[in-house]
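Next comes input-v6.cif, a file with mmCIF, C-alpha atoms.
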data_run
loop_
_atom_site.group_PDB
_atom_site.id
_atom_site.type_symbol
_atom_site.label_atom_id
_atom_site.label_comp_id
_atom_site.auth_asym_id
_atom_site.auth_seq_id
_atom_site.Cartn_x
_atom_site.Cartn_y
_atom_site.Cartn_z
ATOM 1 C CA MET A 1255 13.270 -30.114 -1.640
ATOM 2 C CA LYS A 1256 14.569 -28.052 -4.568
ATOM 3 C CA ASP A 1257 11.300 -28.508 -6.509
ATOM 4 C CA GLU A 1258 9.325 -27.439 -3.433
ATOM 5 C CA LEU A 1259 11.384 -24.258 -3.088
ATOM 6 C CA LEU A 1260 10.691 -23.416 -6.743
ATOM 7 C CA ASN A 1261 6.990 -24.291 -6.584
ATOM 8 C CA ASN A 1262 4.759 -21.354 -7.633
ATOM 9 C CA TRP A 1263 7.830 -19.230 -8.425
ATOM 10 C CA LYS A 1264 7.221 -19.116 -12.158
ATOM 11 C CA ALA A 1265 5.488 -15.844 -13.007
ATOM 12 C CA PRO A 1266 1.905 -16.308 -14.288
ATOM 13 C CA ARG A 1267 2.557 -13.524 -16.824
ATOM 14 C CA ASP A 1268 5.711 -11.856 -18.178
ATOM 15 C CA GLU A 1269 4.210 -8.454 -17.316
ATOM 16 C CA TYR A 1270 4.797 -9.264 -13.651
ATOM 17 C CA LEU A 1271 8.564 -9.334 -14.258
ATOM 18 C CA PRO A 1272 11.271 -6.696 -14.778
ATOM 19 C CA ASN A 1273 13.685 -6.639 -17.706
ATOM 20 C CA PHE A 1274 16.697 -6.282 -15.445
ATOM 21 C CA ILE A 1275 17.720 -6.478 -11.799
ATOM 22 C CA ILE A 1276 20.437 -4.700 -9.834
ATOM 23 C CA GLY A 1277 21.297 -7.631 -7.563
ATOM 24 C CA GLY A 1278 23.889 -6.193 -5.167
ATOM 25 C CA ALA A 1279 26.279 -6.124 -3.480
ATOM 26 C CA MET A 1280 25.064 -4.042 -0.538
ATOM 27 C CA LYS A 1281 27.038 -0.827 0.170
ATOM 28 C CA SER A 1282 28.748 -1.059 -3.224
ATOM 29 C CA GLY A 1283 27.164 1.846 -5.085
ATOM 30 C CA THR A 1284 23.914 0.166 -6.115
ATOM 31 C CA SER A 1285 21.927 3.248 -5.073
ATOM 32 C CA THR A 1286 24.059 5.405 -7.363
ATOM 33 C CA LEU A 1287 23.559 3.009 -10.277
ATOM 34 C CA HIS A 1288 19.829 2.918 -9.527
ATOM 35 C CA THR A 1289 19.575 6.721 -9.440
ATOM 36 C CA ILE A 1290 21.464 7.139 -12.723
ATOM 37 C CA LEU A 1291 19.454 4.507 -14.584
ATOM 38 C CA ALA A 1292 16.150 5.870 -13.241
ATOM 39 C CA GLN A 1293 16.903 9.165 -15.021
ATOM 40 C CA HIS A 1294 17.071 7.495 -18.432
ATOM 41 C CA PRO A 1295 13.877 8.347 -20.375
ATOM 42 C CA LYS A 1296 13.425 4.715 -21.470
ATOM 43 C CA VAL A 1297 13.868 3.142 -17.999
ATOM 44 C CA PHE A 1298 11.561 2.665 -15.012
ATOM 45 C CA LEU A 1299 12.624 1.552 -11.521
ATOM 46 C CA PRO A 1300 10.584 1.402 -8.289
ATOM 47 C CA GLU A 1301 12.084 3.755 -5.706
ATOM 48 C CA GLU A 1302 12.736 1.216 -2.940
ATOM 49 C CA GLU A 1303 14.452 -2.153 -2.871
ATOM 50 C CA VAL A 1304 12.065 -5.065 -3.352
ATOM 51 C CA GLY A 1305 13.723 -8.343 -2.266
ATOM 52 C CA PHE A 1306 11.050 -10.495 -3.908
ATOM 53 C CA PHE A 1307 12.967 -13.494 -5.237
ATOM 54 C CA ASP A 1308 14.416 -14.278 -1.806
ATOM 55 C CA ILE A 1309 11.617 -12.831 0.329
ATOM 56 C CA ASP A 1310 11.458 -16.088 2.325
ATOM 57 C CA ASN A 1311 15.209 -16.261 2.973
ATOM 58 C CA ILE A 1312 15.387 -15.910 6.763
ATOM 59 C CA ALA A 1313 19.186 -15.598 6.821
ATOM 60 C CA GLU A 1314 19.160 -12.585 4.491
ATOM 61 C CA HIS A 1315 15.808 -11.012 5.399
ATOM 62 C CA PHE A 1316 15.560 -11.272 9.154
ATOM 63 C CA ASP A 1317 13.711 -7.942 9.020
ATOM 64 C CA PHE A 1318 11.048 -9.503 6.743
ATOM 65 C CA ASN A 1319 10.058 -11.948 9.495
ATOM 66 C CA PHE A 1320 8.584 -11.212 12.892
ATOM 67 C CA PHE A 1321 7.722 -13.223 16.006
ATOM 68 C CA ASP A 1322 4.440 -12.064 17.534
ATOM 69 C CA LYS A 1323 5.113 -12.604 21.227
ATOM 70 C CA GLN A 1324 1.469 -12.082 22.111
ATOM 71 C CA LYS A 1325 0.177 -14.835 19.816
ATOM 72 C CA LYS A 1326 3.376 -16.930 20.026
ATOM 73 C CA GLU A 1327 3.610 -17.257 16.266
ATOM 74 C CA TRP A 1328 5.846 -16.209 13.370
ATOM 75 C CA ILE A 1329 4.732 -13.859 10.615
ATOM 76 C CA PHE A 1330 6.621 -14.514 7.391
ATOM 77 C CA GLN A 1331 6.243 -14.646 3.618
ATOM 78 C CA ASP A 1332 5.344 -17.977 1.996
ATOM 79 C CA MET A 1333 4.785 -18.353 -1.742
ATOM 80 C CA GLN A 1334 3.076 -21.709 -1.207
ATOM 81 C CA LYS A 1335 0.239 -20.215 0.883
ATOM 82 C CA ASN A 1336 -0.896 -17.360 -1.348
ATOM 83 C CA PRO A 1337 1.050 -17.087 -4.622
ATOM 84 C CA ASP A 1338 -1.482 -14.797 -6.315
ATOM 85 C CA ALA A 1339 -1.123 -12.148 -3.590
ATOM 86 C CA LEU A 1340 2.676 -12.198 -3.778
ATOM 87 C CA TRP A 1341 2.832 -12.100 -7.574
ATOM 88 C CA ASN A 1342 0.284 -9.266 -7.712
ATOM 89 C CA TRP A 1343 2.296 -7.377 -5.097
ATOM 90 C CA TYR A 1344 5.476 -7.794 -7.162
ATOM 91 C CA GLY A 1345 3.803 -6.998 -10.471
ATOM 92 C CA ASP A 1346 2.341 -3.786 -9.031
ATOM 93 C CA LYS A 1347 5.898 -2.502 -8.587
ATOM 94 C CA PHE A 1348 6.170 -2.121 -12.382
ATOM 95 C CA LYS A 1349 2.662 -0.925 -13.281
ATOM 96 C CA ASP A 1350 3.887 2.666 -13.824
ATOM 97 C CA GLY A 1351 6.600 1.483 -16.218
ATOM 98 C CA HIS A 1352 4.360 0.329 -19.056
ATOM 99 C CA GLY A 1353 6.239 0.591 -22.357
ATOM 100 C CA LEU A 1354 9.582 1.207 -20.627
ATOM 101 C CA LEU A 1355 12.519 -0.994 -19.729
ATOM 102 C CA CYS A 1356 11.654 -1.992 -16.149
ATOM 103 C CA GLY A 1357 14.180 -2.889 -13.485
ATOM 104 C CA GLU A 1358 14.393 -3.429 -9.758
ATOM 105 C CA ASP A 1359 17.102 -3.140 -7.107
ATOM 106 C CA SER A 1360 17.543 -5.873 -4.458
ATOM 107 C CA THR A 1361 20.951 -6.012 -2.823
ATOM 108 C CA THR A 1362 20.370 -9.356 -1.082
ATOM 109 C CA TYR A 1363 20.037 -11.326 -4.325
ATOM 110 C CA ILE A 1364 23.787 -11.729 -4.752
ATOM 111 C CA THR A 1365 23.957 -13.797 -1.555
ATOM 112 C CA SER A 1366 20.904 -15.956 -2.334
ATOM 113 C CA GLU A 1367 21.370 -18.903 -4.678
ATOM 114 C CA ILE A 1368 17.637 -19.544 -4.456
ATOM 115 C CA ALA A 1369 17.097 -16.088 -6.001
ATOM 116 C CA ALA A 1370 19.352 -17.109 -8.911
ATOM 117 C CA GLN A 1371 17.313 -20.295 -9.389
ATOM 118 C CA ARG A 1372 14.006 -18.438 -9.303
ATOM 119 C CA ILE A 1373 15.191 -15.777 -11.760
ATOM 120 C CA ALA A 1374 16.456 -18.513 -14.092
ATOM 121 C CA LEU A 1375 13.063 -20.246 -13.868
ATOM 122 C CA GLN A 1376 11.265 -17.398 -15.674
ATOM 123 C CA LYS A 1377 10.387 -17.570 -19.376
ATOM 124 C CA LYS A 1378 11.366 -13.923 -19.695
ATOM 125 C CA GLU A 1379 15.094 -13.271 -20.037
ATOM 126 C CA ILE A 1380 16.021 -11.107 -17.048
ATOM 127 C CA LYS A 1381 19.443 -9.440 -17.075
ATOM 128 C CA VAL A 1382 21.262 -9.071 -13.755
ATOM 129 C CA LEU A 1383 23.813 -6.410 -12.789
ATOM 130 C CA PHE A 1384 26.144 -6.775 -9.809
ATOM 131 C CA MET A 1385 28.185 -3.962 -8.266
ATOM 132 C CA LEU A 1386 31.350 -5.085 -6.454
ATOM 133 C CA ARG A 1387 33.360 -2.893 -4.089
ATOM 134 C CA GLN A 1388 36.719 -3.396 -2.371
ATOM 135 C CA PRO A 1389 35.554 -6.069 0.110
ATOM 136 C CA SER A 1390 37.153 -4.730 3.310
ATOM 137 C CA LYS A 1391 35.802 -1.229 2.674
ATOM 138 C CA ARG A 1392 32.403 -2.651 1.791
ATOM 139 C CA ALA A 1393 32.335 -4.572 5.093
ATOM 140 C CA TYR A 1394 33.260 -1.417 7.022
ATOM 141 C CA SER A 1395 30.525 0.578 5.280
ATOM 142 C CA ASN A 1396 28.074 -2.260 5.930
ATOM 143 C CA TYR A 1397 28.892 -2.095 9.648
ATOM 144 C CA HIS A 1398 27.944 1.587 9.779
ATOM 145 C CA HIS A 1399 24.730 0.846 7.878
ATOM 146 C CA LEU A 1400 23.843 -1.830 10.446
ATOM 147 C CA LEU A 1401 24.723 0.535 13.285
ATOM 148 C CA ARG A 1402 22.458 3.213 11.862
ATOM 149 C CA SER A 1403 19.710 0.624 11.271
ATOM 150 C CA GLY A 1404 19.685 -0.513 14.909
ATOM 151 C CA ILE A 1405 21.165 -3.972 14.313
ATOM 152 C CA VAL A 1406 24.727 -3.922 15.703
ATOM 153 C CA ASP A 1407 25.545 -2.843 19.247
ATOM 154 C CA HIS A 1408 29.312 -3.442 19.377
ATOM 155 C CA THR A 1409 32.339 -1.731 17.827
ATOM 156 C CA PHE A 1410 33.523 -2.827 14.387
ATOM 157 C CA GLU A 1411 36.403 -4.860 15.817
ATOM 158 C CA ASP A 1412 34.197 -6.510 18.449
ATOM 159 C CA THR A 1413 31.621 -7.385 15.789
ATOM 160 C CA LEU A 1414 34.378 -8.960 13.700
ATOM 161 C CA GLN A 1415 35.451 -10.982 16.711
ATOM 162 C CA PHE A 1416 32.064 -12.128 17.999
ATOM 163 C CA ASN A 1417 29.768 -12.065 14.934
ATOM 164 C CA PRO A 1418 31.948 -11.800 11.808
ATOM 165 C CA GLN A 1419 29.403 -13.374 9.475
ATOM 166 C CA LEU A 1420 27.088 -10.391 9.963
ATOM 167 C CA ILE A 1421 29.395 -7.997 8.121
ATOM 168 C CA LEU A 1422 31.754 -10.189 6.089
ATOM 169 C CA HIS A 1423 29.572 -12.616 4.150
ATOM 170 C CA ARG A 1424 28.251 -10.028 1.696
ATOM 171 C CA SER A 1425 31.840 -9.447 0.532
ATOM 172 C CA LEU A 1426 32.396 -13.104 -0.429
ATOM 173 C CA TYR A 1427 31.635 -12.348 -4.062
ATOM 174 C CA LYS A 1428 33.264 -15.344 -5.709
ATOM 175 C CA GLN A 1429 31.160 -18.068 -4.120
ATOM 176 C CA GLN A 1430 28.025 -15.938 -4.432
ATOM 177 C CA LEU A 1431 28.443 -15.076 -8.116
ATOM 178 C CA ALA A 1432 29.324 -18.686 -8.917
ATOM 179 C CA ALA A 1433 25.668 -19.555 -8.245
ATOM 180 C CA TYR A 1434 24.499 -17.037 -10.854
ATOM 181 C CA TYR A 1435 26.959 -18.247 -13.484
ATOM 182 C CA LYS A 1436 25.708 -21.749 -12.708
ATOM 183 C CA HIS A 1437 22.024 -20.973 -13.224
ATOM 184 C CA LEU A 1438 22.072 -18.126 -15.788
ATOM 185 C CA PRO A 1439 23.857 -17.709 -19.138
ATOM 186 C CA LYS A 1440 26.868 -15.415 -18.747
ATOM 187 C CA GLU A 1441 25.331 -13.108 -21.381
ATOM 188 C CA GLN A 1442 22.637 -12.197 -18.828
ATOM 189 C CA ILE A 1443 25.168 -11.133 -16.150
ATOM 190 C CA LYS A 1444 27.070 -7.845 -15.935
ATOM 191 C CA VAL A 1445 29.659 -7.224 -13.200
ATOM 192 C CA ILE A 1446 30.565 -3.594 -12.430
ATOM 193 C CA VAL A 1447 33.457 -2.544 -10.221
ATOM 194 C CA PHE A 1448 32.353 0.259 -7.894
ATOM 195 C CA GLU A 1449 35.706 2.036 -8.018
ATOM 196 C CA GLU A 1450 35.518 2.201 -11.824
ATOM 197 C CA LEU A 1451 32.012 3.654 -11.754
ATOM 198 C CA VAL A 1452 33.326 6.380 -9.438
ATOM 199 C CA SER A 1453 36.439 7.150 -11.531
ATOM 200 C CA GLU A 1454 34.975 6.682 -15.034
ATOM 201 C CA PRO A 1455 31.177 7.062 -14.817
ATOM 202 C CA LYS A 1456 30.595 7.858 -18.504
ATOM 203 C CA LYS A 1457 32.600 4.852 -19.700
ATOM 204 C CA ILE A 1458 30.982 2.422 -17.278
ATOM 205 C CA MET A 1459 27.455 3.688 -17.925
ATOM 206 C CA ALA A 1460 28.037 3.331 -21.667
ATOM 207 C CA GLU A 1461 28.876 -0.335 -21.005
ATOM 208 C CA VAL A 1462 25.770 -0.738 -18.814
ATOM 209 C CA CYS A 1463 23.538 0.814 -21.471
ATOM 210 C CA ASP A 1464 25.018 -1.449 -24.138
ATOM 211 C CA PHE A 1465 24.298 -4.442 -21.883
ATOM 212 C CA LEU A 1466 20.682 -3.335 -21.345
ATOM 213 C CA GLY A 1467 20.127 -2.322 -24.962
ATOM 214 C CA ILE A 1468 19.409 1.375 -24.386
ATOM 215 C CA ASP A 1469 21.014 4.535 -25.797
ATOM 216 C CA VAL A 1470 23.500 6.143 -23.389
ATOM 217 C CA HIS A 1471 23.224 9.437 -25.292
ATOM 218 C CA LEU A 1472 19.657 9.936 -24.018
ATOM 219 C CA PHE A 1473 21.040 10.711 -20.552
ATOM 220 C CA ASP A 1474 21.406 14.304 -19.400
ATOM 221 C CA PRO A 1475 25.235 14.643 -19.140
ATOM 222 C CA GLU A 1476 24.857 15.931 -15.574
ATOM 223 C CA VAL A 1477 23.620 12.505 -14.477
ATOM 224 C CA PHE A 1478 27.167 11.165 -14.532
ATOM 225 C CA ASN A 1479 28.011 13.347 -11.518
ATOM 226 C CA THR A 1480 25.452 11.492 -9.394
ATOM 227 C CA HIS A 1481 26.451 9.993 -6.053
ATOM 228 C CA SER A 1482 23.461 8.676 -4.115
ATOM 229 C CA ASN A 1483 22.910 7.339 -0.624
ATOM 230 C CA LYS A 1484 25.690 9.302 1.023
ATOM 231 C CA GLY A 1485 26.118 7.824 4.449
ATOM 232 C CA LYS A 1486 24.545 9.483 7.457
ATOM 233 C CA LEU A 1487 26.085 8.538 10.776
ATOM 234 C CA PRO A 1488 24.962 9.090 14.379
ATOM 235 C CA THR A 1489 26.578 11.976 16.239
ATOM 236 C CA PHE A 1490 27.667 9.656 19.051
ATOM 237 C CA PHE A 1491 28.448 6.059 18.096
ATOM 238 C CA TRP A 1492 28.440 4.815 21.705
ATOM 239 C CA LEU A 1493 24.944 6.233 22.276
ATOM 240 C CA GLN A 1494 23.646 4.583 19.093
ATOM 241 C CA ARG A 1495 25.046 1.234 20.224
ATOM 242 C CA PHE A 1496 23.319 1.674 23.604
ATOM 243 C CA LYS A 1497 20.012 2.502 21.920
ATOM 244 C CA ASN A 1498 20.333 -0.545 19.627
ATOM 245 C CA ARG A 1499 20.843 -2.793 22.652
ATOM 246 C CA PHE A 1500 17.813 -1.305 24.396
ATOM 247 C CA SER A 1501 15.456 -1.465 21.410
ATOM 248 C CA ARG A 1502 15.818 -5.206 20.797
ATOM 249 C CA GLY A 1503 12.411 -6.843 20.995
ATOM 250 C CA PHE A 1504 10.350 -3.959 19.633
ATOM 251 C CA GLY A 1505 10.617 -5.294 16.095
ATOM 252 C CA ASN A 1506 11.649 -3.464 12.946
ATOM 253 C CA SER A 1507 9.284 -0.790 11.618
ATOM 254 C CA PHE A 1508 10.788 -1.261 8.135
ATOM 255 C CA TYR A 1509 8.821 -4.506 7.997
ATOM 256 C CA LEU A 1510 5.559 -2.596 7.589
ATOM 257 C CA LYS A 1511 6.829 -1.088 4.332
ATOM 258 C CA ILE A 1512 7.448 -4.403 2.625
ATOM 259 C CA LEU A 1513 4.563 -6.537 3.855
ATOM 260 C CA PRO A 1514 2.322 -7.690 0.994
ATOM 261 C CA PHE A 1515 -0.391 -8.181 3.631
ATOM 262 C CA ARG A 1516 -1.570 -6.088 6.564
ATOM 263 C CA ALA A 1517 0.166 -6.979 9.820
ATOM 264 C CA PRO A 1518 -1.930 -7.879 12.911
ATOM 265 C CA ASP A 1519 -2.770 -4.954 15.224
ATOM 266 C CA SER A 1520 -0.560 -6.370 17.994
ATOM 267 C CA VAL A 1521 2.424 -6.278 15.642
ATOM 268 C CA ILE A 1522 1.618 -2.765 14.415
ATOM 269 C CA ARG A 1523 1.509 -1.470 18.007
ATOM 270 C CA ARG A 1524 4.969 -2.843 18.708
ATOM 271 C CA PHE A 1525 6.317 -1.382 15.490
ATOM 272 C CA MET A 1526 4.882 1.991 16.468
ATOM 273 C CA SER A 1527 6.844 1.760 19.730
ATOM 274 C CA ASP A 1528 9.965 1.200 17.664
ATOM 275 C CA LYS A 1529 9.196 4.272 15.550
ATOM 276 C CA ILE A 1530 8.680 6.433 18.641
ATOM 277 C CA LEU A 1531 11.982 5.234 20.110
ATOM 278 C CA ASN A 1532 13.744 6.020 16.825
ATOM 279 C CA ARG A 1533 12.239 9.514 16.820
ATOM 280 C CA ILE A 1534 13.482 10.195 20.359
ATOM 281 C CA SER A 1535 16.898 8.786 19.504
ATOM 282 C CA GLY A 1536 17.047 10.964 16.382
ATOM 283 C CA THR A 1537 16.487 14.058 18.505
ATOM 284 C CA ILE A 1538 19.103 13.204 21.126
ATOM 285 C CA ASN A 1539 21.614 11.620 18.762
ATOM 286 C CA PRO A 1540 20.811 12.893 15.256
ATOM 287 C CA LEU A 1541 22.203 11.389 12.072
ATOM 288 C CA LYS A 1542 24.585 13.666 10.202
ATOM 289 C CA GLU A 1543 26.205 13.513 6.797
ATOM 290 C CA LYS A 1544 29.826 12.904 7.656
ATOM 291 C CA ALA A 1545 32.666 10.620 6.736
ATOM 292 C CA ALA A 1546 33.136 7.499 8.830
ATOM 293 C CA PRO A 1547 36.275 7.425 10.947
ATOM 294 C CA LYS A 1548 39.193 5.840 9.106
ATOM 295 C CA MET A 1549 39.377 2.094 9.512
ATOM 296 C CA ASN A 1550 42.141 0.924 11.821
ATOM 297 C CA GLU A 1551 45.135 0.003 9.629
ATOM 298 C CA ALA A 1552 45.697 -3.296 11.431
ATOM 299 C CA THR A 1553 42.033 -4.191 10.868
ATOM 300 C CA LYS A 1554 42.275 -3.224 7.173
ATOM 301 C CA ASP A 1555 45.375 -5.407 6.697
ATOM 302 C CA TYR A 1556 43.697 -8.249 8.591
ATOM 303 C CA LEU A 1557 40.622 -8.139 6.346
ATOM 304 C CA ASP A 1558 42.578 -7.648 3.114
ATOM 305 C CA THR A 1559 44.620 -10.762 3.862
ATOM 306 C CA TYR A 1560 41.427 -12.723 4.448
ATOM 307 C CA PHE A 1561 39.640 -11.496 1.326
ATOM 308 C CA LYS A 1562 42.666 -11.968 -0.961
ATOM 309 C CA LYS A 1563 42.493 -15.661 -0.113
ATOM 310 C CA GLU A 1564 38.701 -15.998 -0.215
ATOM 311 C CA LEU A 1565 38.296 -14.173 -3.539
ATOM 312 C CA SER A 1566 41.086 -15.939 -5.398
ATOM 313 C CA GLY A 1567 39.752 -16.929 -8.822
ATOM 314 C CA LEU A 1568 37.168 -14.131 -9.022
ATOM 315 C CA ASP A 1569 38.794 -12.632 -12.145
ATOM 316 C CA GLU A 1570 38.515 -15.928 -14.005
ATOM 317 C CA LEU A 1571 34.896 -16.395 -12.923
ATOM 318 C CA VAL A 1572 33.636 -12.993 -14.109
ATOM 319 C CA GLY A 1573 35.979 -12.733 -17.098
ATOM 320 C CA GLN A 1574 37.561 -9.409 -16.160
ATOM 321 C CA GLU A 1575 40.352 -8.027 -13.998
ATOM 322 C CA VAL A 1576 38.997 -7.109 -10.565
ATOM 323 C CA LEU A 1577 41.322 -8.134 -7.724
ATOM 324 C CA SER A 1578 44.277 -5.988 -8.886
ATOM 325 C CA LYS A 1579 42.041 -2.924 -8.495
ATOM 326 C CA TRP A 1580 41.571 -3.707 -4.797
ATOM 327 C CA PHE A 1581 44.783 -5.288 -3.564
ATOM 328 C CA LYS A 1582 48.369 -4.236 -4.106
#

This structure in structure tokens:
Amino acid sequence: MKDELLNNWKAPRDEYLPNFIIGGAMKSGTSTLHTILAQHPKVFLPEEEVGFFDIDNIAEHFDFNFFDKQKKEWIFQDMQKNPDALWNWYGDKFKDGHGLLCGEDSTTYITSEIAAQRIALQKKEIKVLFMLRQPSKRAYSNYHHLLRSGIVDHTFEDTLQFNPQLILHRSLYKQQLAAYYKHLPKEQIKVIVFEELVSEPKKIMAEVCDFLGIDVHLFDPEVFNTHSNKGKLPTFFWLQRFKNRFSRGFGNSFYLKILPFRAPDSVIRRFMSDKILNRISGTINPLKEKAAPKMNEATKDYLDTYFKKELSGLDELVGQEVLSKWFK
């Protein structure tokens, strides 16, 4: 089964591959790291996340798969069916970076061991960077991202009670990173603590540049003040949850952006319905740049207790002090 999952996943040419990958974790400052690195004169990054090496991972990319109710069939990505189309699609992401250090940003990779295996399979040495954030705060930020994206339709506490995996599993860094240290040499992995990037951006970016083999002094000094992807939240949370409940079944219009192939007309029509609904919702309940309400203290303590236990041994795995920066 393992050989089948890796079949056709070796790039036909090194030019189809990046030099480095920002592999997650989601809602941990990866957009900020992406934005800073993209301003280096020797670096090229595609604007959007790619998600190539785990594009067929249903658990992580439910929005990459769609059930056409009219034809009663699933539309999904399969490397075994048309590898040339998928590799050409991926390689095209880097065509404007000729002669530069190319990278990509895919925040689901950290949770996909199959992505680690497929990256390790390449002849080209690909370096991987992981951003880690205080796990309870990351989960809370992830909830608001899912709310804004139309996925959750309950409160944070109710989601924790009835579907905890949805917002907690991306904070289980130890077991996820263990897969990368298993399949890749440790010299190809760089772990960055989000809170340190915020407090000491120049120091951390100097370390990142040293890891990637580029000159940190080529940055405009103003770049270190960058903070990207500031959260936008709906004006009324209850109305957003109602809309999310109602819109189930339309499909996710984001899917059209990442399809290597054209979707059937029946699927496109349903996605257009989703876009229209989102436009109406945005008028009635617009997204605004504002801070999320403070997490309930009892919920924060509850999650911290859980993550302290689950992440025990993370420092030893990554070879640096992390947990003391998050937990008293």

Selection in question (the file shown): the PyMOL selection byres ((chain A and resi 1360-1373) around 7). Which residues does it include, as a PDB file with C-alpha atoms, keeping the file's coordinate frame?
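Everything below was put into out-v1.pdb:
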ATOM      1  CA  LEU A1260      10.691 -23.416  -6.743  1.00  0.00           C
ATOM      2  CA  TRP A1263       7.830 -19.230  -8.425  1.00  0.00           C
ATOM      3  CA  ILE A1276      20.437  -4.700  -9.834  1.00  0.00           C
ATOM      4  CA  GLY A1277      21.297  -7.631  -7.563  1.00  0.00           C
ATOM      5  CA  GLY A1278      23.889  -6.193  -5.167  1.00  0.00           C
ATOM      6  CA  ALA A1279      26.279  -6.124  -3.480  1.00  0.00           C
ATOM      7  CA  MET A1280      25.064  -4.042  -0.538  1.00  0.00           C
ATOM      8  CA  GLU A1303      14.452  -2.153  -2.871  1.00  0.00           C
ATOM      9  CA  VAL A1304      12.065  -5.065  -3.352  1.00  0.00           C
ATOM     10  CA  GLY A1305      13.723  -8.343  -2.266  1.00  0.00           C
ATOM     11  CA  PHE A1307      12.967 -13.494  -5.237  1.00  0.00           C
ATOM     12  CA  ASP A1308      14.416 -14.278  -1.806  1.00  0.00           C
ATOM     13  CA  GLU A1314      19.160 -12.585   4.491  1.00  0.00           C
ATOM     14  CA  GLU A1358      14.393  -3.429  -9.758  1.00  0.00           C
ATOM     15  CA  ASP A1359      17.102  -3.140  -7.107  1.00  0.00           C
ATOM     16  CA  ALA A1374      16.456 -18.513 -14.092  1.00  0.00           C
ATOM     17  CA  LEU A1375      13.063 -20.246 -13.868  1.00  0.00           C
ATOM     18  CA  GLN A1376      11.265 -17.398 -15.674  1.00  0.00           C
ATOM     19  CA  ARG A1424      28.251 -10.028   1.696  1.00  0.00           C
ATOM     20  CA  GLN A1430      28.025 -15.938  -4.432  1.00  0.00           C
ATOM     21  CA  LEU A1431      28.443 -15.076  -8.116  1.00  0.00           C
ATOM     22  CA  ALA A1433      25.668 -19.555  -8.245  1.00  0.00           C
ATOM     23  CA  TYR A1434      24.499 -17.037 -10.854  1.00  0.00           C
ATOM     24  CA  HIS A1437      22.024 -20.973 -13.224  1.00  0.00           C
TER      25      HIS A1437
END

For each of A:Lys1323, A:Ala1339, A:Thr1413, A:Ile1458, take the minimum atom-to-atom distance to A:Leu1287, counting all atoms listed in the file, then give the residue where this is smallest.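 Ranked by minimum distance to A:Leu1287, first place goes to A:Ile1458.
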
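Computed from the coordinates, the atom CA of A:Leu1541 to atom CA of A:Lys1486 distance equals 5.5 Å.
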
Find the distance between atom CA of A:Lys1325 and atom CA of A:Ile1312 and write it in Å to one decimal. 20.1 Å

Run the PyMOL selection byres ((chain A and resi 1354) around 10) mentally over the shown coordinates, then write out the matched residues as a PyMOL selection string, using the chain letters and numbers from the document. chain A and resi 1272-1273+1295-1299+1348+1350-1353+1355-1357

As a check of understanding: the span from atom CA of A:Ile1380 to atom CA of A:Glu1454 is 26.1 Å

Please enumerate the residues selected by the PyMOL selection byres ((chain A and resi 1561) around 12) when evaluated against the supplied file, formatted as number ranges by chain. A: 1387-1393, 1422-1428, 1554-1560, 1562-1568, 1577, 1580-1581

Check the smallest atom-to-atom distance from each of A:Lys1326, A:Lys1349, A:Lys1377, A:His1288 to A:Arg1267 using all atoms listed in the file, then report the winner.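 Comparing A:Lys1326, A:Lys1349, A:Lys1377, A:His1288 against A:Arg1267, the winner is A:Lys1377.
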
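Among the candidates A:Leu1438, A:Val1477, A:Leu1401, A:Val1470, the one nearest to A:Ala1546 when counting all atoms listed in the file is A:Leu1401.
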
Within 10 Å of A:Asp1469, counting all atoms listed in the file, which residues show up once you throw out same-chain ones fewer than 2 positions away? Write them as a count of residues only, please. 12

Among listed residues A:Asp1322, A:Asp1412, A:Glu1570, A:Glu1450, nearest A:Tyr1435 (using only C-alpha atoms): A:Glu1570

Ranking A:Lys1548, A:Lys1440, A:Lys1264, A:Lys1281 by minimum distance to A:Asn1396 and counting all atoms listed in the file, which one comes first? A:Lys1281

Since the input lacks some atoms of stretch 1573-1580 of chain A, please model N, CA and C atoms and print them as a PDB file, in the frame of the given file.
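To be explicit, this is the file written out as selection-v1.pdb:
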ATOM      1  N   GLY A1573      35.402 -13.048 -15.798  1.00  0.00           N
ATOM      2  CA  GLY A1573      35.979 -12.733 -17.098  1.00  0.00           C
ATOM      3  C   GLY A1573      36.512 -11.324 -17.230  1.00  0.00           C
ATOM      4  N   GLN A1574      36.946 -10.733 -16.117  1.00  0.00           N
ATOM      5  CA  GLN A1574      37.561  -9.409 -16.160  1.00  0.00           C
ATOM      6  C   GLN A1574      38.471  -9.220 -14.949  1.00  0.00           C
ATOM      7  N   GLU A1575      39.388  -8.277 -15.076  1.00  0.00           N
ATOM      8  CA  GLU A1575      40.352  -8.027 -13.998  1.00  0.00           C
ATOM      9  C   GLU A1575      39.686  -7.205 -12.902  1.00  0.00           C
ATOM     10  N   VAL A1576      39.652  -7.768 -11.696  1.00  0.00           N
ATOM     11  CA  VAL A1576      38.997  -7.109 -10.565  1.00  0.00           C
ATOM     12  C   VAL A1576      39.947  -6.989  -9.370  1.00  0.00           C
ATOM     13  N   LEU A1577      40.561  -8.089  -8.981  1.00  0.00           N
ATOM     14  CA  LEU A1577      41.322  -8.134  -7.724  1.00  0.00           C
ATOM     15  C   LEU A1577      42.475  -7.134  -7.706  1.00  0.00           C
ATOM     16  N   SER A1578      43.138  -6.916  -8.848  1.00  0.00           N
ATOM     17  CA  SER A1578      44.277  -5.988  -8.886  1.00  0.00           C
ATOM     18  C   SER A1578      43.835  -4.555  -8.627  1.00  0.00           C
ATOM     19  N   LYS A1579      42.564  -4.263  -8.772  1.00  0.00           N
ATOM     20  CA  LYS A1579      42.041  -2.924  -8.495  1.00  0.00           C
ATOM     21  C   LYS A1579      41.828  -2.703  -7.005  1.00  0.00           C
ATOM     22  N   TRP A1580      41.854  -3.787  -6.232  1.00  0.00           N
ATOM     23  CA  TRP A1580      41.571  -3.707  -4.797  1.00  0.00           C
ATOM     24  C   TRP A1580      42.784  -3.991  -3.922  1.00  0.00           C
TER      25      TRP A1580
END
